[in-house]
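Engineer: Input structure: work.cif, which contains mmCIF, C-alpha atoms.
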```cif
data_model
#
loop_
_atom_site.label_atom_id
_atom_site.label_comp_id
_atom_site.auth_asym_id
_atom_site.auth_seq_id
_atom_site.Cartn_x
_atom_site.Cartn_y
_atom_site.Cartn_z
CA MET A 1 16.67 8.45 28.94
CA SER A 2 13.62 7.24 30.89
CA GLU A 3 11.72 4.21 29.71
CA LEU A 4 8.49 4.86 27.84
CA ALA A 5 5.32 4.12 29.75
CA PRO A 6 3.40 1.11 28.44
CA LEU A 7 0.08 1.57 26.71
CA PRO A 8 -3.13 1.10 28.69
CA LEU A 9 -4.41 -2.45 28.44
CA THR A 10 -7.69 -1.45 26.90
CA THR A 11 -9.92 1.56 26.50
CA SER A 12 -12.71 -0.20 24.65
CA PRO A 13 -14.66 -3.37 25.35
CA PRO A 14 -13.68 -6.57 23.51
CA LYS A 15 -15.85 -7.30 20.51
CA GLU A 16 -18.68 -9.78 20.78
CA ARG A 17 -19.60 -11.89 17.78
CA VAL A 18 -22.74 -10.57 16.12
CA ALA A 19 -24.68 -13.14 14.09
CA TYR A 20 -25.79 -10.62 11.47
CA LEU A 21 -22.23 -9.43 10.79
CA ASP A 22 -20.83 -12.96 10.62
CA ASN A 23 -23.63 -13.95 8.25
CA ALA A 24 -22.73 -10.95 6.08
CA ARG A 25 -19.06 -11.93 6.12
CA TYR A 26 -19.95 -15.44 5.03
CA TRP A 27 -21.96 -14.36 1.98
CA VAL A 28 -19.52 -11.71 0.87
CA MET A 29 -16.66 -14.20 1.16
CA LEU A 30 -18.46 -16.46 -1.29
CA LEU A 31 -18.60 -13.52 -3.68
CA VAL A 32 -14.89 -12.82 -3.20
CA VAL A 33 -13.81 -16.37 -4.01
CA ILE A 34 -16.24 -16.65 -6.93
CA GLY A 35 -15.06 -13.31 -8.30
CA HIS A 36 -11.38 -14.24 -8.10
CA THR A 37 -12.12 -17.56 -9.78
CA LEU A 38 -14.01 -15.91 -12.63
CA THR A 39 -11.05 -13.68 -13.45
CA GLN A 40 -9.70 -16.75 -15.27
CA PHE A 41 -12.73 -16.70 -17.63
CA ILE A 42 -13.14 -12.95 -18.07
CA VAL A 43 -13.05 -13.19 -21.89
CA MET A 44 -16.26 -15.23 -21.86
CA ASP A 45 -19.50 -13.22 -21.88
CA SER A 46 -21.24 -15.51 -19.37
CA ALA A 47 -18.39 -15.14 -16.87
CA ARG A 48 -17.88 -11.46 -17.59
CA ALA A 49 -21.45 -10.55 -16.59
CA VAL A 50 -21.19 -12.30 -13.21
CA TYR A 51 -17.70 -10.90 -12.69
CA VAL A 52 -18.80 -7.30 -13.29
CA TRP A 53 -21.87 -7.70 -11.07
CA ILE A 54 -19.80 -9.13 -8.21
CA TYR A 55 -16.97 -6.63 -8.54
CA ALA A 56 -19.41 -3.72 -8.55
CA PHE A 57 -20.11 -4.23 -4.85
CA HIS A 58 -18.31 -7.14 -3.18
CA MET A 59 -15.37 -5.05 -1.93
CA PRO A 60 -17.56 -2.05 -0.98
CA PHE A 61 -19.66 -4.55 1.00
CA PHE A 62 -16.62 -6.03 2.74
CA ILE A 63 -15.07 -2.62 3.41
CA LEU A 64 -18.23 -1.06 4.85
CA ILE A 65 -18.56 -3.96 7.33
CA SER A 66 -14.87 -3.56 8.20
CA GLY A 67 -15.44 0.12 8.90
CA TYR A 68 -18.42 -0.58 11.11
CA THR A 69 -16.55 -3.17 13.19
CA ALA A 70 -13.58 -0.77 13.58
CA ARG A 71 -15.62 2.19 14.81
CA HIS A 72 -14.34 1.77 18.40
CA TYR A 73 -10.67 1.75 17.43
CA VAL A 74 -8.64 4.12 19.63
CA GLY A 75 -5.19 2.54 19.53
CA ASP A 76 -5.06 0.82 22.91
CA PHE A 77 -2.70 -2.05 23.70
CA ARG A 78 -5.09 -4.82 22.73
CA GLN A 79 -6.02 -3.18 19.44
CA VAL A 80 -2.44 -2.41 18.42
CA ARG A 81 -1.33 -5.92 19.23
CA ARG A 82 -4.20 -7.35 17.19
CA ILE A 83 -3.37 -5.14 14.20
CA VAL A 84 0.16 -6.52 14.14
CA SER A 85 -0.88 -10.15 14.60
CA THR A 86 -3.86 -10.20 12.22
CA LEU A 87 -2.88 -7.62 9.58
CA VAL A 88 0.87 -6.93 9.48
CA ILE A 89 2.14 -10.50 9.91
CA PRO A 90 -0.46 -12.08 7.56
CA TYR A 91 0.27 -9.37 4.98
CA LEU A 92 4.00 -10.08 5.01
CA ILE A 93 3.47 -13.84 4.79
CA THR A 94 0.78 -13.74 2.11
CA GLU A 95 2.34 -11.13 -0.15
CA THR A 96 5.79 -12.73 0.01
CA ALA A 97 4.42 -16.19 -0.75
CA LEU A 98 2.19 -15.07 -3.62
CA GLN A 99 4.98 -13.07 -5.26
CA LEU A 100 7.34 -16.03 -4.95
CA ILE A 101 4.74 -18.28 -6.60
CA THR A 102 4.10 -15.93 -9.51
CA ARG A 103 7.82 -15.32 -9.97
CA HIS A 104 8.43 -19.08 -10.07
CA TYR A 105 5.86 -19.63 -12.82
CA GLU A 106 5.88 -16.34 -14.74
CA GLY A 107 9.21 -14.74 -13.87
CA GLN A 108 7.40 -11.70 -12.43
CA PRO A 109 8.15 -9.69 -10.42
CA ASP A 110 11.89 -9.67 -11.05
CA THR A 111 12.54 -8.65 -7.47
CA LEU A 112 10.18 -8.98 -4.54
CA MET A 113 8.10 -5.85 -3.98
CA ILE A 114 6.69 -6.61 -0.56
CA LEU A 115 5.39 -3.09 0.02
CA SER A 116 3.67 -3.08 -3.39
CA PRO A 117 0.90 -5.69 -3.10
CA GLN A 118 0.10 -7.42 -6.38
CA TRP A 119 -3.09 -9.26 -5.52
CA LEU A 120 -5.36 -10.05 -2.56
CA ALA A 121 -2.95 -8.94 0.18
CA TRP A 122 -3.77 -5.34 -0.77
CA PHE A 123 -6.85 -5.56 1.44
CA LEU A 124 -4.74 -6.30 4.52
CA ALA A 125 -2.61 -3.25 3.76
CA ALA A 126 -5.77 -1.20 3.30
CA LEU A 127 -7.24 -2.34 6.61
CA PHE A 128 -3.97 -1.46 8.32
CA ILE A 129 -4.02 2.11 6.98
CA TRP A 130 -7.76 2.62 7.49
CA ARG A 131 -7.59 1.29 11.05
CA LEU A 132 -4.73 3.58 12.01
CA THR A 133 -6.52 6.60 10.57
CA THR A 134 -9.87 5.77 12.19
CA PRO A 135 -9.55 8.42 14.95
CA ILE A 136 -9.13 11.05 12.23
CA TRP A 137 -12.32 10.03 10.44
CA ARG A 138 -14.17 9.99 13.75
CA ALA A 139 -12.98 13.52 14.58
CA LEU A 140 -13.56 15.35 11.29
CA LYS A 141 -16.67 17.48 10.90
CA TYR A 142 -17.42 16.23 7.38
CA PRO A 143 -15.66 12.86 7.15
CA ILE A 144 -17.82 11.25 4.46
CA THR A 145 -17.66 14.27 2.16
CA THR A 146 -13.90 14.49 2.67
CA SER A 147 -13.41 10.79 1.87
CA ILE A 148 -15.51 11.10 -1.31
CA LEU A 149 -13.46 14.08 -2.50
CA ILE A 150 -10.26 12.12 -1.88
CA SER A 151 -11.62 9.12 -3.79
CA LEU A 152 -12.69 11.21 -6.78
CA THR A 153 -9.47 13.21 -7.07
CA VAL A 154 -6.91 10.49 -6.40
CA GLY A 155 -7.38 9.21 -9.94
CA LEU A 156 -6.14 12.52 -11.30
CA ILE A 157 -2.60 12.15 -9.97
CA GLU A 158 0.14 9.56 -9.95
CA VAL A 159 0.07 7.68 -6.65
CA PRO A 160 2.66 4.90 -6.09
CA ASN A 161 1.34 1.47 -5.26
CA VAL A 162 3.01 1.52 -1.83
CA LEU A 163 0.66 -0.46 0.41
CA ALA A 164 -1.91 -0.24 -2.41
CA LEU A 165 -2.48 3.48 -1.81
CA PRO A 166 -4.49 4.10 -5.02
CA LYS A 167 -7.05 1.47 -3.98
CA VAL A 168 -6.88 2.46 -0.31
CA LEU A 169 -7.84 6.03 -1.17
CA GLY A 170 -10.30 5.03 -3.89
CA PHE A 171 -12.31 2.72 -1.63
CA LEU A 172 -11.98 5.04 1.38
CA PRO A 173 -15.61 6.33 1.38
CA PHE A 174 -17.00 2.87 2.02
CA TYR A 175 -14.83 2.47 5.11
CA VAL A 176 -15.71 5.92 6.44
CA ILE A 177 -19.43 5.34 5.84
CA GLY A 178 -19.10 2.05 7.71
CA LEU A 179 -17.53 3.88 10.64
CA HIS A 180 -20.60 6.08 10.87
CA MET A 181 -23.18 3.33 10.56
CA ASN A 182 -25.21 2.33 13.61
CA ARG A 183 -27.59 -0.43 14.61
CA ASP A 184 -30.68 1.63 13.78
CA ARG A 185 -29.58 2.01 10.15
CA PHE A 186 -29.01 -1.73 9.85
CA GLU A 187 -32.41 -2.37 11.40
CA TRP A 188 -34.03 -0.05 8.86
CA LEU A 189 -32.56 -2.20 6.10
CA ALA A 190 -34.39 -5.22 7.55
CA GLN A 191 -37.86 -3.83 6.77
CA LYS A 192 -39.86 -6.02 4.41
CA SER A 193 -40.44 -3.25 1.88
CA VAL A 194 -36.72 -2.44 1.80
CA ARG A 195 -35.82 -6.10 1.34
CA VAL A 196 -38.24 -6.48 -1.58
CA ALA A 197 -36.84 -3.37 -3.22
CA SER A 198 -33.29 -4.61 -2.58
CA ALA A 199 -33.91 -7.99 -4.17
CA THR A 200 -35.47 -6.29 -7.19
CA PHE A 201 -32.59 -3.83 -7.50
CA LEU A 202 -29.90 -6.53 -7.33
CA THR A 203 -31.76 -8.58 -9.94
CA VAL A 204 -32.07 -5.61 -12.28
CA THR A 205 -28.38 -4.73 -11.92
CA PHE A 206 -27.43 -8.32 -12.76
CA ILE A 207 -29.57 -8.24 -15.90
CA LEU A 208 -27.98 -4.95 -16.94
CA CYS A 209 -24.51 -6.41 -16.36
CA TYR A 210 -25.42 -9.38 -18.54
CA LEU A 211 -26.69 -7.14 -21.33
CA TYR A 212 -24.01 -4.43 -21.36
CA SER A 213 -20.86 -5.62 -19.58
CA ARG A 214 -19.23 -6.92 -22.76
CA ASN A 215 -18.74 -3.34 -23.99
CA TRP A 216 -17.44 -1.93 -20.72
CA THR A 217 -13.83 -1.59 -19.50
CA THR A 218 -13.70 -3.78 -16.40
CA ASP A 219 -10.48 -2.15 -15.16
CA TRP A 220 -12.64 0.61 -13.67
CA LEU A 221 -13.66 -1.96 -11.07
CA LEU A 222 -10.07 -2.36 -9.86
CA TRP A 223 -9.89 1.21 -8.53
CA LYS A 224 -6.13 1.52 -9.01
CA GLN A 225 -5.29 3.25 -12.33
CA ARG A 226 -5.17 6.94 -13.07
CA TYR A 227 -8.09 8.12 -15.15
CA ASP A 228 -5.84 9.02 -18.10
CA GLU A 229 -3.96 5.72 -17.91
CA ALA A 230 -4.69 2.89 -20.34
CA PRO A 231 -7.03 1.08 -20.52
CA LEU A 232 -9.24 3.70 -18.77
CA SER A 233 -8.02 6.53 -21.02
CA ALA A 234 -10.49 9.06 -19.62
CA GLY A 235 -10.32 12.80 -19.12
CA PRO A 236 -10.49 14.36 -15.64
CA TRP A 237 -14.23 15.05 -15.62
CA GLU A 238 -15.14 11.79 -17.30
CA GLY A 239 -12.95 9.89 -14.85
CA MET A 240 -14.43 11.55 -11.78
CA LEU A 241 -17.94 11.02 -13.14
CA GLN A 242 -17.27 7.33 -13.71
CA ARG A 243 -15.72 6.96 -10.25
CA GLY A 244 -18.68 8.81 -8.71
CA GLU A 245 -21.12 6.45 -10.45
CA LEU A 246 -19.19 3.46 -9.12
CA LEU A 247 -19.27 4.93 -5.61
CA LEU A 248 -23.03 5.38 -5.80
CA LEU A 249 -23.63 1.98 -7.39
CA GLY A 250 -21.33 0.17 -4.96
CA LEU A 251 -22.95 1.81 -1.95
CA THR A 252 -26.51 1.14 -3.17
CA MET A 253 -25.78 -2.49 -4.01
CA THR A 254 -24.03 -2.91 -0.66
CA PHE A 255 -27.04 -1.66 1.28
CA ALA A 256 -29.30 -3.83 -0.86
CA ALA A 257 -27.20 -6.91 -0.11
CA LEU A 258 -27.01 -6.04 3.59
CA SER A 259 -30.80 -5.85 3.76
CA LEU A 260 -31.03 -9.45 2.53
CA VAL A 261 -28.51 -10.89 5.00
CA PRO A 262 -30.24 -13.14 7.59
CA ARG A 263 -30.28 -11.81 11.15
CA ARG A 264 -30.58 -15.14 12.95
CA ARG A 265 -27.71 -17.36 14.01
CA SER A 266 -27.17 -20.37 11.74
CA TRP A 267 -24.40 -22.47 10.25
CA THR A 268 -23.39 -19.51 8.08
CA THR A 269 -22.77 -17.55 11.29
CA ILE A 270 -20.22 -20.11 12.45
CA LEU A 271 -18.43 -20.22 9.10
CA GLY A 272 -18.65 -16.45 8.77
CA GLY A 273 -16.51 -16.10 11.86
CA ARG A 274 -13.64 -17.79 9.97
CA THR A 275 -13.65 -15.84 6.69
CA PHE A 276 -10.16 -14.56 7.51
CA TYR A 277 -8.63 -17.91 6.57
CA SER A 278 -10.74 -18.33 3.47
CA TYR A 279 -9.64 -14.92 2.21
CA LEU A 280 -5.95 -15.57 2.79
CA LEU A 281 -5.81 -19.15 1.50
CA HIS A 282 -8.05 -19.28 -1.56
CA GLY A 283 -5.55 -17.33 -3.65
CA TYR A 284 -2.94 -20.08 -3.26
CA VAL A 285 -5.42 -22.69 -4.50
CA ILE A 286 -6.36 -20.61 -7.55
CA LEU A 287 -2.71 -19.99 -8.46
CA VAL A 288 -1.77 -23.66 -8.13
CA LEU A 289 -4.75 -24.74 -10.26
CA ARG A 290 -3.84 -22.13 -12.85
CA PHE A 291 -0.06 -22.48 -13.09
CA GLN A 292 0.64 -26.05 -12.04
CA PHE A 293 -2.32 -27.90 -13.55
CA ASP A 294 -3.65 -25.50 -16.24
CA VAL A 295 -7.16 -26.27 -15.03
CA PHE A 296 -8.78 -23.09 -16.27
CA ASP A 297 -7.31 -23.34 -19.78
CA ARG A 298 -8.41 -26.96 -20.04
CA VAL A 299 -12.02 -26.38 -19.07
CA GLU A 300 -12.50 -23.09 -20.93
CA GLN A 301 -13.61 -25.00 -24.05
CA TYR A 302 -16.78 -26.07 -22.24
CA GLY A 303 -18.09 -22.51 -22.21
CA VAL A 304 -20.94 -21.72 -19.86
CA PHE A 305 -20.65 -25.14 -18.22
CA ALA A 306 -17.08 -24.34 -17.28
CA VAL A 307 -18.22 -21.06 -15.74
CA ILE A 308 -20.97 -22.73 -13.72
CA GLY A 309 -18.60 -25.49 -12.62
CA ALA A 310 -15.99 -22.94 -11.56
CA MET A 311 -18.57 -21.04 -9.52
CA VAL A 312 -19.73 -24.21 -7.78
CA ALA A 313 -16.13 -25.21 -7.09
CA ALA A 314 -15.44 -21.72 -5.70
CA VAL A 315 -18.36 -22.02 -3.28
CA VAL A 316 -17.14 -25.44 -2.13
CA LEU A 317 -13.58 -24.14 -1.72
CA ALA A 318 -14.71 -21.09 0.26
CA ASN A 319 -16.75 -23.25 2.63
CA LEU A 320 -13.92 -25.74 3.13
CA LEU A 321 -11.52 -22.93 4.00
CA MET A 322 -13.95 -21.65 6.63
CA THR A 323 -14.05 -24.95 8.53
CA LYS A 324 -12.78 -25.38 12.06
CA VAL A 325 -9.98 -27.69 10.95
CA VAL A 326 -8.49 -25.07 8.66
CA SER A 327 -8.73 -22.34 11.30
CA ARG A 328 -7.08 -24.57 13.88
CA VAL A 329 -4.18 -25.43 11.55
CA PHE A 330 -3.52 -21.93 10.25
CA ARG A 331 -4.29 -19.78 13.32
CA PRO A 332 -0.71 -20.06 14.65
CA VAL A 333 0.52 -18.87 11.24
CA PHE A 334 -1.92 -16.06 10.48
CA GLU A 335 -2.85 -15.03 14.03
CA PRO A 336 0.33 -15.55 16.10
CA ARG A 337 0.22 -14.52 19.74
CA LEU A 338 3.53 -12.60 19.52
CA THR A 339 3.95 -12.42 23.29
CA TRP A 340 7.71 -12.05 22.76
CA MET A 341 7.29 -8.91 20.67
CA PHE A 342 5.19 -6.68 22.91
CA ARG A 343 5.81 -4.93 26.19
CA THR A 344 3.61 -5.54 29.17
CA ALA A 345 0.39 -3.57 29.14
CA GLU A 346 -0.35 -1.23 32.01
CA ARG A 347 -3.63 -1.87 33.78
CA LYS A 348 -5.31 1.37 34.83
CA ALA A 349 -8.70 2.04 36.18
CA ALA A 350 -10.82 4.05 33.78
CA LYS A 351 -11.12 7.70 34.79
CA VAL A 352 -14.57 9.11 35.21
#
```
How would this structure read if it were set down as structure tokens?
Structural biologist:
Amino acid sequence: MSELAPLPLTTSPPKERVAYLDNARYWVMLLVVIGHTLTQFIVMDSARAVYVWIYAFHMPFFILISGYTARHYVGDFRQVRRIVSTLVIPYLITETALQLITRHYEGQPDTLMILSPQWLAWFLAALFIWRLTTPIWRALKYPITTSILISLTVGLIEVPNVLALPKVLGFLPFYVIGLHMNRDRFEWLAQKSVRVASATFLTVTFILCYLYSRNWTTDWLLWKQRYDEAPLSAGPWEGMLQRGELLLLGLTMTFAALSLVPRRRSWTTILGGRTFYSYLLHGYVILVLRFQFDVFDRVEQYGVFAVIGAMVAAVVLANLLMTKVVSRVFRPVFEPRLTWMFRTAERKAAKV
């Protein structure tokens, strides 16, 4: 049998860092770490309001940016190698470690379920699937409509949590919309009138979350249960209506937040280029503080002051994990070169 021909070295230009996108990554990473920290105080009204507000759009925000930056994916050698080194390997390391930690302290899961992500590693699995299917979403005639229909109907059926498929399919529209964004649309968001409206809208949504979130089932924001499954316990039409409202709200809040992101290069740009490490590492810190030192249970008695303190600590933690020292230490772990794993790429001149 003849040897397979190696993949072309590249069919798309290497990405250049864009200040606006790195700034966006920085601010959304703060929301991610704050949101995960507040899950420890979800029973408190003050924490619940902030939690619901953040969870309404922080992942749609992150996913839409991920879609936009993946719009040139075609599966060339460089891109495939990067998927393995920055998604597959980190997923295996992170999910295995987190499940071992929770099993040590809680006895769960009984056996390791590496292909069934239990916490933050689900996003790496999602990016892996979305990235591989990018050419499909670029080729379809009605990709956004198709992705919305998939998102609305997936809650009607039982979908196994293999590689977080329920969430992957639920959040799919945000990725597909990101794929079809362009610079002109981002520039439109920068208009002064749009920014004023965006700031007003985000403020109003926060007030509404503060007033009404205590009576709302927050599990809707996790995008992983069937509609008829507890605690959602909704009928088909009610479930699809609720999911549709979340899609609209998440998209609107995402665009509002994107309009407020600074365009100029600053210190947040530098840190925003290292959000990868902050995302992967902050979960370990939260679990250690929770299980080993019972920090959250001890400070819960201080009420709103505990919530504020936790949010401040989350911001500090997120920034520390985006420093150059952390990236230098953990890059060999989470972004290995893997030269031993891959065949030699074939250099070919691009055909006209």
Engineer: Evaluate the PyMOL selection byres ((chain A and resi 107-123) around 10) here and jot the selected residues down as number ranges by chain.
Structural biologist: A: 32, 36, 59, 62-63, 87, 90-106, 124-129, 160-165, 167-168, 279-283
Engineer: Mind pulling up the distance from CA of Leu152 (chain A) to CA of Asn215 (chain A)?
Structural biologist: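 Spanning CA of Asn215 (chain A) to CA of Leu152 (chain A) is a straight-line distance of 23.3 Å.
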Engineer: For a quick check of your reading of the model, name the residues lying within 8 Å of the coordinate (-17.1, 5.6, 1.8), counting all atoms listed in the file, and write them as a PyMOL selection string.
Structural biologist: chain A and resi 64+144+147-148+171-178+247+251
Engineer: Out of A:Ala197, A:Leu31, A:Leu202, A:Ile83, which residue has the shortest atom-to-atom distance to Leu249 (chain A) when counting all atoms listed in the file?
Structural biologist: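 Of all the options, A:Leu202 lies closest to Leu249 (chain A).
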Engineer: Take the point (-17.9, -22.8, -11.9) as written in the file and pick out every residue within 12 Å of it, counting only C-alpha atoms; give the list as a count of residues only.
Structural biologist: 33
Engineer: CA of Phe330 (chain A) and CA of Ser278 (chain A), how far apart in Å?
Structural biologist: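 CA of Ser278 (chain A) sits 10.5 Å away from CA of Phe330 (chain A).
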Engineer: From the list A:Leu289, A:Leu156, A:Leu169, A:Ile270, which residue is nearest Leu232 (chain A) when using all atoms listed in the file?
Structural biologist: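 Selected residue with least distance to Leu232 (chain A): A:Leu156.
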Engineer: I'd like the neighbourhood of Ile157 (chain A) as number ranges by chain, where a residue qualifies if any of its atoms comes within 10 Å (using all atoms listed in the file), though same-chain residues fewer than 2 positions away should be ignored.
Structural biologist: A: 153-155, 159-160, 166, 225-228, 236
Engineer: What would the selection look like, as a PDB file with C-alpha atoms, in the frame of the given file, if the PyMOL selection byres ((chain A and resi 189) around 8) were run on the coordinates I just shared?
Structural biologist:
```pdb
ATOM      1  CA  ARG A 185     -29.580   2.010  10.150  1.00  0.00           C
ATOM      2  CA  PHE A 186     -29.010  -1.730   9.850  1.00  0.00           C
ATOM      3  CA  GLU A 187     -32.410  -2.370  11.400  1.00  0.00           C
ATOM      4  CA  TRP A 188     -34.030  -0.050   8.860  1.00  0.00           C
ATOM      5  CA  ALA A 190     -34.390  -5.220   7.550  1.00  0.00           C
ATOM      6  CA  GLN A 191     -37.860  -3.830   6.770  1.00  0.00           C
ATOM      7  CA  VAL A 194     -36.720  -2.440   1.800  1.00  0.00           C
ATOM      8  CA  ARG A 195     -35.820  -6.100   1.340  1.00  0.00           C
ATOM      9  CA  PHE A 255     -27.040  -1.660   1.280  1.00  0.00           C
ATOM     10  CA  ALA A 256     -29.300  -3.830  -0.860  1.00  0.00           C
ATOM     11  CA  LEU A 258     -27.010  -6.040   3.590  1.00  0.00           C
ATOM     12  CA  SER A 259     -30.800  -5.850   3.760  1.00  0.00           C
TER      13      SER A 259
END
```
Engineer: Could you pull region 74-97 of chain A out of the structure just shown and give C-alpha atoms as an mmCIF file, in the first residue's frame?
Structural biologist:
```
data_model
loop_
_atom_site.group_PDB
_atom_site.id
_atom_site.type_symbol
_atom_site.label_atom_id
_atom_site.label_comp_id
_atom_site.auth_asym_id
_atom_site.auth_seq_id
_atom_site.Cartn_x
_atom_site.Cartn_y
_atom_site.Cartn_z
ATOM 1 C CA VAL A 74 -9.823 24.749 6.068
ATOM 2 C CA GLY A 75 -7.982 21.861 7.719
ATOM 3 C CA ASP A 76 -4.436 22.467 6.513
ATOM 4 C CA PHE A 77 -1.372 21.038 8.264
ATOM 5 C CA ARG A 78 -0.777 24.019 10.519
ATOM 6 C CA GLN A 79 -4.407 24.213 11.607
ATOM 7 C CA VAL A 80 -4.756 20.486 12.296
ATOM 8 C CA ARG A 81 -1.564 20.443 14.298
ATOM 9 C CA ARG A 82 -2.733 23.432 16.334
ATOM 10 C CA ILE A 83 -6.103 21.809 17.050
ATOM 11 C CA VAL A 84 -4.345 18.796 18.534
ATOM 12 C CA SER A 85 -1.843 20.813 20.562
ATOM 13 C CA THR A 86 -4.205 23.510 21.871
ATOM 14 C CA LEU A 87 -7.539 21.664 22.112
ATOM 15 C CA VAL A 88 -7.156 17.874 22.236
ATOM 16 C CA ILE A 89 -4.145 17.662 24.567
ATOM 17 C CA PRO A 90 -5.363 20.406 26.965
ATOM 18 C CA TYR A 91 -8.801 18.775 27.031
ATOM 19 C CA LEU A 92 -7.392 15.391 28.021
ATOM 20 C CA ILE A 93 -5.147 16.908 30.691
ATOM 21 C CA THR A 94 -7.746 19.253 32.155
ATOM 22 C CA GLU A 95 -10.700 16.872 32.180
ATOM 23 C CA THR A 96 -8.667 14.012 33.652
ATOM 24 C CA ALA A 97 -7.203 16.218 36.385
#
```
